[in-house]
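Novice: mmCIF, C-alpha atoms, file final_20.cif:
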data_coords
#
loop_
_atom_site.label_atom_id
_atom_site.label_comp_id
_atom_site.auth_asym_id
_atom_site.auth_seq_id
_atom_site.Cartn_x
_atom_site.Cartn_y
_atom_site.Cartn_z
CA MET A 28 35.22 -37.83 38.75
CA VAL A 29 38.78 -38.96 37.90
CA ASN A 30 39.52 -35.58 36.27
CA LYS A 31 38.27 -33.80 39.38
CA LYS A 32 40.61 -35.86 41.61
CA GLU A 33 43.52 -35.19 39.27
CA GLY A 34 42.72 -31.49 39.49
CA TYR A 35 42.83 -31.59 43.29
CA ILE A 36 46.19 -33.40 43.24
CA LYS A 37 47.65 -30.88 40.79
CA CYS A 38 46.46 -28.00 42.99
CA ILE A 39 48.08 -29.55 46.07
CA ILE A 40 51.38 -30.13 44.25
CA PHE A 41 51.33 -26.60 42.80
CA GLY A 42 50.61 -25.13 46.23
CA VAL A 43 53.48 -26.97 47.89
CA LEU A 44 55.86 -26.03 45.06
CA LEU A 45 54.78 -22.41 45.42
CA ILE A 46 55.64 -22.47 49.11
CA VAL A 47 59.05 -23.98 48.37
CA LEU A 48 59.83 -21.54 45.56
CA THR A 49 58.72 -18.43 47.44
CA SER A 50 60.32 -19.31 50.78
CA PRO A 51 63.70 -17.71 51.52
CA VAL A 52 66.51 -20.23 51.12
CA ASN A 53 69.06 -20.45 53.89
CA ALA A 54 71.67 -23.17 53.54
CA GLN A 55 72.70 -22.79 57.17
CA GLN A 56 69.29 -23.24 58.76
CA THR A 57 69.10 -25.66 61.65
CA THR A 58 68.79 -29.23 60.47
CA THR A 59 66.30 -31.63 61.98
CA ILE A 60 66.71 -35.28 62.86
CA ASP A 61 62.98 -35.88 62.30
CA PRO A 62 62.75 -38.21 59.27
CA GLY A 63 59.50 -36.60 58.11
CA VAL A 64 58.23 -38.40 54.99
CA THR A 65 59.92 -41.81 54.82
CA PRO A 66 60.57 -44.16 51.85
CA ASP A 67 57.58 -46.34 52.76
CA SER A 68 55.29 -43.43 51.84
CA PHE A 69 54.11 -42.74 48.27
CA LEU A 70 54.96 -39.07 48.96
CA TRP A 71 58.67 -39.81 49.42
CA GLY A 72 59.48 -39.25 45.74
CA LEU A 73 57.83 -35.84 45.96
CA ASP A 74 59.77 -35.07 49.15
CA LYS A 75 63.05 -35.84 47.37
CA ALA A 76 62.00 -33.70 44.40
CA PHE A 77 61.38 -30.74 46.72
CA ASP A 78 64.85 -31.25 48.21
CA GLN A 79 66.38 -31.07 44.74
CA VAL A 80 64.42 -27.91 43.88
CA THR A 81 65.63 -26.29 47.11
CA LEU A 82 69.21 -27.32 46.35
CA LEU A 83 69.00 -25.78 42.87
CA LEU A 84 67.84 -22.48 44.36
CA VAL A 85 70.87 -22.20 46.65
CA ALA A 86 73.55 -19.90 45.23
CA GLY A 87 77.28 -20.65 45.46
CA ASP A 88 79.23 -23.90 45.65
CA VAL A 89 79.91 -23.66 49.40
CA ASP A 90 76.26 -23.09 50.34
CA LYS A 91 75.16 -25.80 47.89
CA ALA A 92 77.54 -28.24 49.60
CA LYS A 93 76.17 -27.28 53.02
CA LYS A 94 72.59 -27.65 51.81
CA GLY A 95 73.49 -31.04 50.35
CA LEU A 96 74.75 -32.14 53.77
CA GLU A 97 71.50 -30.92 55.32
CA ILE A 98 69.54 -33.09 52.87
CA ALA A 99 71.89 -36.01 53.65
CA GLU A 100 70.93 -35.58 57.33
CA GLU A 101 67.29 -36.08 56.35
CA ARG A 102 68.16 -39.24 54.40
CA LEU A 103 70.14 -40.51 57.41
CA ALA A 104 67.14 -39.98 59.69
CA GLU A 105 65.00 -41.94 57.21
CA ILE A 106 67.51 -44.81 57.19
CA ARG A 107 67.50 -44.92 60.98
CA GLU A 108 63.69 -44.98 61.11
CA MET A 109 63.30 -47.63 58.42
CA ILE A 110 65.85 -49.97 60.04
CA LYS A 111 64.14 -49.55 63.42
CA GLU A 112 60.87 -50.58 61.75
CA ASN A 113 62.64 -53.48 59.99
CA LYS A 114 61.76 -52.03 56.57
CA LEU A 115 65.15 -52.82 55.11
CA GLY A 116 64.23 -52.44 51.44
CA GLU A 117 63.11 -48.88 52.16
CA ALA A 118 66.24 -48.26 54.26
CA LYS A 119 68.34 -49.35 51.27
CA LYS A 120 66.51 -46.83 49.04
CA ALA A 121 67.25 -44.02 51.51
CA GLN A 122 70.91 -45.11 51.71
CA GLU A 123 71.21 -44.95 47.92
CA ALA A 124 69.62 -41.48 47.92
CA HIS A 125 72.05 -40.47 50.69
CA GLY A 126 74.95 -41.57 48.48
CA LYS A 127 73.68 -39.60 45.47
CA THR A 128 73.35 -36.47 47.60
CA LEU A 129 76.90 -36.81 48.94
CA LEU A 130 78.18 -37.24 45.39
CA LYS A 131 76.76 -33.78 44.67
CA VAL A 132 78.45 -32.43 47.81
CA LYS A 133 81.72 -33.97 46.62
CA GLU A 134 81.37 -32.23 43.23
CA LYS A 135 80.71 -28.89 44.91
CA VAL A 136 83.87 -29.28 47.02
CA LYS A 137 85.85 -29.68 43.78
CA GLU A 138 84.25 -26.55 42.32
CA VAL A 139 84.98 -24.18 45.23
CA GLU A 140 87.02 -21.28 43.83
CA GLU A 141 88.17 -17.97 45.38
CA ASP A 142 90.61 -15.34 44.11
CA ASP A 143 92.50 -15.56 47.39
CA SER A 144 93.79 -19.12 48.09
CA LEU A 145 93.67 -18.65 51.86
CA GLN A 146 90.01 -17.60 51.61
CA GLU A 147 89.41 -20.60 49.36
CA ILE A 148 90.79 -23.05 51.91
CA GLU A 149 88.73 -21.31 54.60
CA LYS A 150 85.56 -22.01 52.56
CA VAL A 151 86.55 -25.66 52.17
CA ILE A 152 87.11 -25.90 55.94
CA GLU A 153 83.57 -24.54 56.47
CA ILE A 154 82.23 -27.48 54.45
CA GLU A 155 84.55 -29.81 56.37
CA LYS A 156 83.03 -28.63 59.64
CA GLU A 157 79.50 -29.43 58.40
CA LEU A 158 80.68 -32.82 57.14
CA GLU A 159 82.16 -33.55 60.58
CA LYS A 160 78.74 -32.98 62.15
CA HIS A 161 77.15 -35.33 59.62
CA ASP A 162 79.88 -37.91 60.16
CA ASP A 163 79.22 -37.77 63.92
CA ASP A 164 75.55 -38.49 63.23
CA VAL A 165 76.48 -41.41 60.96
CA GLU A 166 78.67 -42.82 63.76
CA GLN A 167 75.85 -42.36 66.29
CA THR A 168 73.38 -44.09 63.97
CA PHE A 169 75.88 -46.92 63.45
CA GLY A 170 76.24 -47.34 67.22
CA GLU A 171 72.49 -47.27 67.90
CA LEU A 172 71.64 -49.78 65.19
CA LYS A 173 74.57 -52.02 66.08
CA VAL A 174 72.74 -52.66 69.37
CA LYS A 175 69.71 -53.83 67.35
CA ILE A 176 71.94 -56.19 65.38
CA GLU A 177 73.40 -57.66 68.57
CA ILE A 178 69.97 -58.50 70.01
CA LYS A 179 69.90 -62.05 68.72
CA GLY A 180 66.55 -63.42 67.65
CA GLU A 181 65.18 -59.98 66.76
CA ILE A 182 66.42 -60.20 63.16
CA THR A 183 67.60 -62.96 60.85
CA GLN A 184 71.20 -63.34 59.67
CA GLU A 185 70.14 -62.16 56.20
CA GLN A 186 68.59 -59.00 57.68
CA LYS A 187 71.65 -58.50 59.86
CA ASP A 188 73.94 -58.69 56.81
CA LEU A 189 71.80 -56.16 54.95
CA ILE A 190 71.83 -53.72 57.89
CA ASN A 191 75.61 -54.06 58.14
CA SER A 192 75.88 -53.44 54.39
CA ILE A 193 73.74 -50.28 54.63
CA LEU A 194 75.67 -48.89 57.60
CA ASN A 195 79.07 -49.62 56.08
CA SER A 196 77.94 -47.96 52.84
CA LEU A 197 77.00 -44.84 54.82
CA LYS A 198 80.51 -44.68 56.26
CA GLY A 199 82.01 -45.19 52.83
CA GLN A 200 79.88 -42.43 51.29
CA THR A 201 80.90 -39.95 53.99
CA GLY A 202 84.53 -41.07 53.74
CA GLU A 203 84.61 -40.26 50.01
CA VAL A 204 83.69 -36.63 50.73
CA GLU A 205 86.32 -36.48 53.51
CA ILE A 206 88.99 -37.64 51.06
CA GLU A 207 87.84 -35.10 48.44
CA ILE A 208 88.07 -32.30 51.01
CA GLU A 209 91.59 -33.40 51.97
CA ASN A 210 92.63 -33.54 48.31
CA LYS A 211 91.19 -30.07 47.70
CA LYS A 212 93.02 -28.65 50.71
CA ASN A 213 96.32 -30.19 49.59
CA LYS A 214 95.85 -28.66 46.14
CA ILE A 215 95.18 -25.22 47.65
CA LYS A 216 98.24 -25.55 49.92
CA ILE A 217 100.43 -25.92 46.82
CA GLU A 218 98.78 -22.82 45.32
CA ILE A 219 99.49 -20.84 48.51
CA GLU A 220 103.15 -21.93 48.39
CA GLN A 221 103.38 -20.76 44.78
CA GLU A 222 101.65 -17.44 45.49
CA THR A 223 103.59 -16.56 48.66
CA ASP A 224 107.05 -16.96 50.13
CA LYS A 225 105.66 -18.87 53.10
CA SER A 226 107.13 -22.23 54.05
CA GLU A 227 105.07 -25.42 54.26
CA GLY A 228 105.26 -25.23 58.06
CA GLU A 229 103.95 -21.65 58.13
CA ILE A 230 101.07 -22.56 55.83
CA GLU A 231 100.17 -25.55 58.03
CA ILE A 232 100.09 -23.30 61.11
CA GLU A 233 97.73 -20.86 59.34
CA ILE A 234 95.45 -23.67 58.21
CA GLU A 235 95.39 -25.26 61.68
CA SER A 236 94.44 -21.85 63.08
CA ILE A 237 91.48 -21.62 60.66
CA GLU A 238 90.43 -25.20 61.50
CA LYS A 239 90.53 -24.39 65.21
CA GLU A 240 88.50 -21.22 64.65
CA LYS A 241 85.87 -23.15 62.65
CA GLY A 242 85.74 -25.93 65.24
CA VAL A 243 87.11 -28.75 63.07
CA LYS A 244 88.29 -31.61 65.32
CA LYS A 245 89.77 -34.14 62.91
CA GLN A 246 92.97 -34.51 64.98
CA LYS A 247 90.96 -35.32 68.10
CA LYS A 248 88.71 -37.74 66.18
CA ALA A 249 91.71 -39.53 64.68
CA LEU A 250 93.30 -39.94 68.12
CA GLU A 251 90.01 -41.24 69.56
CA ALA A 252 89.73 -43.77 66.72
CA ILE A 253 93.26 -45.07 67.42
CA GLU A 254 92.58 -45.27 71.17
CA ASP A 255 89.23 -47.03 70.54
CA ALA A 256 90.92 -49.63 68.32
CA ASP A 257 93.57 -50.27 70.98
CA GLU A 258 90.89 -50.62 73.66
CA GLU A 259 88.84 -52.93 71.43
CA LEU A 260 91.84 -55.23 70.98
CA ASN A 261 92.47 -55.42 74.74
CA LYS A 262 88.80 -56.27 75.40
CA PHE A 263 88.82 -58.86 72.63
CA LEU A 264 91.97 -60.55 73.99
CA GLU A 265 90.54 -60.52 77.52
CA GLU A 266 87.23 -62.09 76.44
CA ALA A 267 89.05 -64.65 74.31
CA GLY A 268 91.19 -65.63 77.31
CA GLU A 269 88.15 -66.01 79.58
CA GLU A 270 86.27 -68.16 77.06
CA ASN A 271 89.31 -70.15 75.79
CA ILE A 272 88.88 -68.84 72.25
CA THR A 273 91.83 -69.09 69.86
CA ILE A 274 92.31 -65.88 67.89
CA SER A 275 93.64 -66.11 64.35
CA GLN A 276 97.25 -64.91 64.23
CA ASP A 277 96.58 -63.63 60.72
CA VAL A 278 93.82 -61.36 62.06
CA LEU A 279 96.10 -60.06 64.83
CA ASP A 280 98.89 -59.37 62.32
CA GLN A 281 96.50 -57.49 60.02
CA PHE A 282 95.13 -55.50 62.95
CA ASN A 283 98.60 -54.51 64.20
CA SER A 284 99.68 -53.56 60.68
CA LEU A 285 96.64 -51.31 60.18
CA LEU A 286 97.01 -49.68 63.59
CA ASP A 287 100.74 -49.06 63.05
CA GLN A 288 99.90 -47.39 59.73
CA ALA A 289 97.21 -45.30 61.46
CA LYS A 290 99.67 -44.11 64.10
CA SER A 291 102.24 -43.31 61.42
CA LYS A 292 99.72 -41.24 59.44
CA PHE A 293 98.71 -39.46 62.64
CA ASP A 294 102.34 -38.51 63.33
CA GLN A 295 102.55 -37.18 59.75
CA GLY A 296 99.49 -34.99 60.34
CA ASN A 297 97.28 -36.97 57.94
CA TYR A 298 94.43 -37.29 60.43
CA VAL A 299 91.73 -38.30 57.93
CA GLU A 300 93.74 -41.31 56.74
CA ALA A 301 94.82 -42.13 60.31
CA ARG A 302 91.19 -42.29 61.42
CA ARG A 303 90.18 -44.37 58.39
CA LEU A 304 92.91 -46.96 59.06
CA ALA A 305 92.08 -47.15 62.78
CA LYS A 306 88.40 -47.71 61.98
CA GLN A 307 89.38 -50.39 59.47
CA ALA A 308 91.44 -52.15 62.16
CA GLU A 309 88.51 -52.02 64.59
CA LYS A 310 86.14 -53.43 61.94
CA LEU A 311 88.55 -56.33 61.45
CA LEU A 312 88.06 -57.28 65.11
CA ASP A 313 84.29 -56.81 64.87
CA ASP A 314 84.17 -59.21 61.92
CA GLU A 315 86.28 -61.75 63.83
CA LYS A 316 83.98 -61.47 66.87
CA GLU A 317 80.95 -61.98 64.67
CA GLU A 318 82.52 -65.08 63.16
CA GLU A 319 83.21 -66.47 66.64
CA GLU A 320 79.61 -65.74 67.70
CA LEU A 321 78.27 -67.57 64.65
CA ASN A 322 80.41 -70.57 65.55
CA GLU A 323 79.04 -70.49 69.11
CA ASN A 324 75.41 -70.45 67.97
CA GLY A 325 73.61 -73.77 68.07
CA ILE A 326 70.28 -75.57 68.20
CA LYS A 327 69.93 -78.97 69.83
CA VAL A 328 66.79 -81.05 69.39
CA GLU A 329 66.44 -84.25 71.43
CA ILE A 330 63.54 -86.50 70.42
CA LYS A 331 62.38 -88.90 73.12
CA ASP A 332 59.10 -90.54 74.19
CA GLY A 333 57.16 -88.86 71.38
CA LYS A 334 58.32 -85.39 72.42
CA ALA A 335 61.03 -82.95 71.33
CA GLU A 336 63.22 -81.11 73.83
CA VAL A 337 64.66 -78.02 72.15
CA VAL A 338 67.60 -75.86 73.29
CA VAL A 339 68.54 -72.81 71.21
CA GLU A 340 71.61 -70.69 71.99
CA ILE A 341 72.22 -67.58 69.86
CA GLY A 342 74.84 -65.24 71.29
CA ASP A 343 73.70 -64.23 74.78
CA SER A 344 70.12 -65.39 74.19
CA LYS A 345 68.85 -68.85 75.09
CA TRP A 346 65.53 -70.63 74.53
CA LYS A 347 64.58 -73.96 76.10
CA PHE A 348 61.21 -75.60 75.52
CA GLU A 349 59.43 -78.93 74.96
CA LEU A 350 57.10 -79.79 72.08
CA GLU A 351 54.48 -82.55 71.94
CA THR A 352 55.64 -83.65 68.49
CA THR A 353 58.49 -85.40 66.72
CA ASP A 354 57.74 -83.90 63.30
CA LEU A 355 60.83 -81.94 62.21
CA ASP A 356 58.93 -79.45 60.05
CA THR A 357 56.69 -78.57 63.00
CA ILE A 358 59.73 -78.27 65.29
CA ILE A 359 61.55 -75.98 62.84
CA ASN A 360 58.46 -73.78 62.44
CA GLU A 361 58.15 -73.41 66.21
CA ILE A 362 61.84 -72.50 66.56
CA ALA A 363 61.40 -69.90 63.80
CA VAL A 364 58.39 -68.34 65.56
CA ARG A 365 60.21 -68.10 68.89
CA THR A 366 63.59 -66.87 67.63
CA GLY A 367 62.92 -65.03 64.38
CA LEU A 368 65.41 -67.23 62.55
CA SER A 369 64.67 -68.47 59.04
CA SER A 370 64.34 -72.20 58.29
CA GLU A 371 67.66 -72.03 56.36
CA GLU A 372 69.44 -70.53 59.38
CA ILE A 373 67.89 -73.13 61.68
CA ASN A 374 68.90 -76.07 59.48
CA ALA A 375 72.46 -74.73 59.23
CA ILE A 376 73.06 -74.95 63.02
CA MET A 377 70.55 -77.58 64.20
CA LYS A 378 71.59 -80.97 65.55
CA VAL A 379 68.95 -83.64 66.11
CA GLU A 380 69.41 -86.48 68.59
CA ILE A 381 66.87 -89.32 68.45
CA ASP A 382 66.50 -91.71 71.37
CA GLY A 383 67.17 -95.40 70.60
CA ASP A 384 63.54 -96.45 71.19
CA GLU A 385 62.34 -93.71 68.85
CA GLU A 386 64.78 -94.87 66.17
CA GLU A 387 63.54 -98.46 66.54
CA GLN A 388 59.94 -97.23 66.33
CA GLU A 389 60.74 -95.21 63.20
CA ALA A 390 62.53 -98.21 61.68
CA GLY A 391 59.54 -100.38 62.56
CA ASP A 392 57.18 -97.92 60.90
CA GLU A 393 59.33 -97.96 57.77
CA ASN A 394 59.38 -101.79 57.72
CA GLU A 395 55.62 -101.91 58.08
CA GLY A 396 55.36 -99.57 55.15
CA LEU A 397 57.65 -101.81 53.08
CA GLU A 398 55.69 -104.93 53.98
CA GLY A 399 52.49 -103.15 53.02
CA ASP A 400 54.02 -102.28 49.66
CA GLU A 401 55.02 -105.92 49.09
CA GLU A 402 51.46 -107.05 49.76
#
Represent the supplied structure as structure tokens.

Specialist:
Amino acid sequence: MVNKKEGYIKCIIFGVLLIVLTSPVNAQQTTTIDPGVTPDSFLWGLDKAFDQVTLLLVAGDVDKAKKGLEIAEERLAEIREMIKENKLGEAKKAQEAHGKTLLKVKEKVKEVEEDDSLQEIEKVIEIEKELEKHDDDVEQTFGELKVKIEIKGEITQEQKDLINSILNSLKGQTGEVEIEIENKKNKIKIEIEQETDKSEGEIEIEIESIEKEKGVKKQKKALEAIEDADEELNKFLEEAGEENITISQDVLDQFNSLLDQAKSKFDQGNYVEARRLAKQAEKLLDDEKEEEELNENGIKVEIKDGKAEVVVEIGDSKWKFELETTDLDTIINEIAVRTGLSSEEINAIMKVEIDGDEEEQEAGDENEGLEGDEE
């Protein structure tokens, strides 16, 4: 019976492999945002294996890089789905697979070679265009899931930290390929200078013309990142003023330094670095806001007349309820059920006030216990 089942499984695997191997490979086919098989399925390993087989069948470094970005899109969709379902371990697996795929894309960028240097840089710009699309999707995913993070009580602080770690890793993985593309282009520019009598300015104009033709918008994206960081600072200062929050001067100095560097890089035409610095400045403010929000969070428990009045404030969310108990373990469990916080998170921000009569009663109970022990 076992052998028969194994035979069926082998037939299914062989059939699927046959479809993959005999299907025409097109690295530029339309990508899908449907996650398909996700990391919580036992078939996910097989799904990844098929992706690798398909990638191996693609000819040429440029098309391999494009196919790699298509596979990275699939991993991104899986990450999004797993985080939405709060399956963070599986999301982490997909993020690691995403990183491995982009490492292969990065290697293919390095290996792009053409006899004509101008054609070579054109091929690299084609990959850059596809990477831009993927980067836009990463940004969109980051924005969507950031909303989930900000809904207090839906996830614990530990889960929130893990989601932030996954999303920041995605940005870092994409950023590494961006830097590799920029390095490759700079290397080819030097080759063009050596092969022709064209000036650096003339070469830049030609390259910008190719970028425009291919639809690369890194200049626009860098400018938007700088403007977003500026806008974020103004909003932060306004909110801080309304709520009487003191902003760390050190944070402001770091922010201004990063933004000044971003603007300087933009003026120099280094749009990739300008965007990276502007995003780093904005993240600095996000981290400061998060720190302020954590400081604002609180749980107050007032024990009186054999009951517990509980007030929980987490960000914009507030819970207020009364419990017919004075047992702290029971109170903590109830808070956890209602808010989604862990007992460690609750204990870290909970303050308990006990009415005088209750304290006397508790002291009396303890004394009775002591007297009983003496007897």

Novice: Using the chain letters and numbers from the file, which residues does the PyMOL selection byres ((chain A and resi 306) around 9) grab, as a count of residues only?

Specialist: 15

Novice: Skip stretch 363-380 of chain A itself and residues of its chain fewer than 4 positions away, then list as a PyMOL selection string all residues within 6 Å of it, counting all atoms listed in the file.

Specialist: chain A and resi 180+183+325-329

Novice: Would you save the residues of that selection, restricted to C-alpha atoms, as a PDB file, keeping the file's coordinate frame?

Specialist:
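Below you can see again00.pdb, which holds the result:
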ATOM      1  CA  GLY A 180      66.550 -63.420  67.650  1.00  0.00           C
ATOM      2  CA  THR A 183      67.600 -62.960  60.850  1.00  0.00           C
ATOM      3  CA  GLY A 325      73.610 -73.770  68.070  1.00  0.00           C
ATOM      4  CA  ILE A 326      70.280 -75.570  68.200  1.00  0.00           C
ATOM      5  CA  LYS A 327      69.930 -78.970  69.830  1.00  0.00           C
ATOM      6  CA  VAL A 328      66.790 -81.050  69.390  1.00  0.00           C
ATOM      7  CA  GLU A 329      66.440 -84.250  71.430  1.00  0.00           C
TER       8      GLU A 329
END

Novice: Under the rule that all atoms listed in the file are counted, which of A:Ala118, A:Leu312, A:Ile330, A:Asp382 is the nearest residue to A:Ile358?

Specialist: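 Among A:Ala118, A:Leu312, A:Ile330, A:Asp382, it is A:Ile330 that comes nearest to A:Ile358.
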
Novice: Would you work out the distance separating atom CA of A:Ala104 from atom CA of A:Val139, expressed in Å to one decimal?

Specialist: 27.9 Å

Novice: Skipping near chain neighbours, those fewer than 3 positions away, what residues fall within 12 Å of A:Lys198 using all atoms listed in the file, listed as a list in words?

Specialist: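 The filter keeps Leu103, Gln122, His125, Gly126, Leu129, Leu158, His161, Asp162, Asp163, Asp164, Val165, Glu166, Gln167, Thr168, Phe169, Asn191, Ser192, Ile193, Leu194, Asn195, Thr201, Gly202, Glu203, Val204, Glu205, Arg303, Lys306, Gln307 and Lys310 of chain A.
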
Novice: Measuring between only C-alpha atoms, which one of A:Glu315, A:Glu171, A:Glu207, A:Asp74 shows the shortest distance to A:Ala267?

Specialist: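 Nearest to A:Ala267: A:Glu315.
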
Novice: Please indicate the distance in Å from atom CA of A:Glu140 to atom CA of A:Glu209, rounded to one decimal place.

Specialist: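 So the answer is 15.3 Å.
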
Novice: Can you work out the spacing between atom CA of A:Lys160 and atom CA of A:Glu231 in Å, to one decimal?

Specialist: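 Taking atom CA of A:Lys160 and atom CA of A:Glu231, their separation equals 23.1 Å.
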